[in-house]
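Visitor: Pasting a structure below so you can have a look.
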Amino acid sequence: MNGLQAYQRVNTQTSIIDADPHKLVQLLYNGALERINMAKARMQAKDFEGKGKLISKAIEILGGLRGFLDFEKGGDLAVRLEGLYDYMERTLFEANAKNDVAKLDEVADLLRSMKEGWDGIREEVAGQQAQVAG
């Protein structure tokens with residue numbers, strides 16, 4: 001492992017340890033998008049083994065996002081998000097099997113939209129956490 005990789009690993013671990021649940025979801029969205037972008041580059045470079053590993057990591061991250069769903073508090077929204085995560089996982093499997101860059105782009109676009117919405121509620125969540133702590 002080179003110095004940059006070691007720094008990134010420590011930096012990521014520190015971010016996760018210090019993160020509240022909202023921030024963890026942001027980190028998961030970022031990680032999934034990063035893996036999909038890297039998989040796209042590997043696919044275009046005809047590095048199919050590397051592409052497969054990266055797509056598998058993105059699918060694992062989507063599973064992690066699914067794990068954050070609270071069906072009691074989230075109700076219909078949680079059910080819809082679970083369906084969307086399932087759709088994205090299936091689309092990534094298909095992208096991997098068919099080397100389909102358009103499918104990777106489709107999932108990346110969906111994740112970016114979801115991330116933008118999630119990022120948009122950050123201040124509201126931080127305000128609620130401050131009220132609970134105070």
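Labeling convention for the structure tokens: chains A, B, ... as they appear, residues from 1 per chain, ligands from 1 in order of appearance.
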Within 8 Å of A:Gly52, counting only C-alpha atoms, which residues show up once you throw out same-chain ones fewer than 4 positions away? Write them as JSON, numbers by chain, please.
Guide: {"A": [39, 48, 56, 96]}
Visitor: Find the residues near stretch 20-34 of chain A: any atom within 6 Å, counting only C-alpha atoms, skip ones fewer than 5 places away on the same chain, and give them as a list in words.
Guide: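 Within the cut-off, the hits are Ala58, Ile61 and Ala108 of chain A.
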Visitor: State, in Å with one decimal place, the distance from atom CA of A:Lys57 to atom CA of A:Arg112.
Guide: 17.1 Å
Visitor: What does the structure give for the distance between atom CA of A:Leu69 and atom CA of A:Ser113, in Å to one decimal?
Guide: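 Rounded to one decimal, the two atoms are 17.6 Å apart.
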Visitor: What is the atom CA of A:Glu106-atom CA of A:Leu54 distance in Å, reported with one decimal?
Guide: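 Here the two named atoms are 16.1 Å from each other.
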Visitor: Here is a test: counting only C-alpha atoms, which residue of A:Ala41, A:Ile59, A:Ile121, A:Ile36 is nearest to A:Asp109?
Guide: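 Under the stated criterion, the closest residue is A:Ile36.
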Visitor: May I ask which of the residues A:Gly50, A:Thr91, A:Glu123, A:Leu84 is the closest one to A:Asp105, counting only C-alpha atoms?
Guide: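 Nearest candidate to A:Asp105 out of A:Gly50, A:Thr91, A:Glu123, A:Leu84: A:Thr91.
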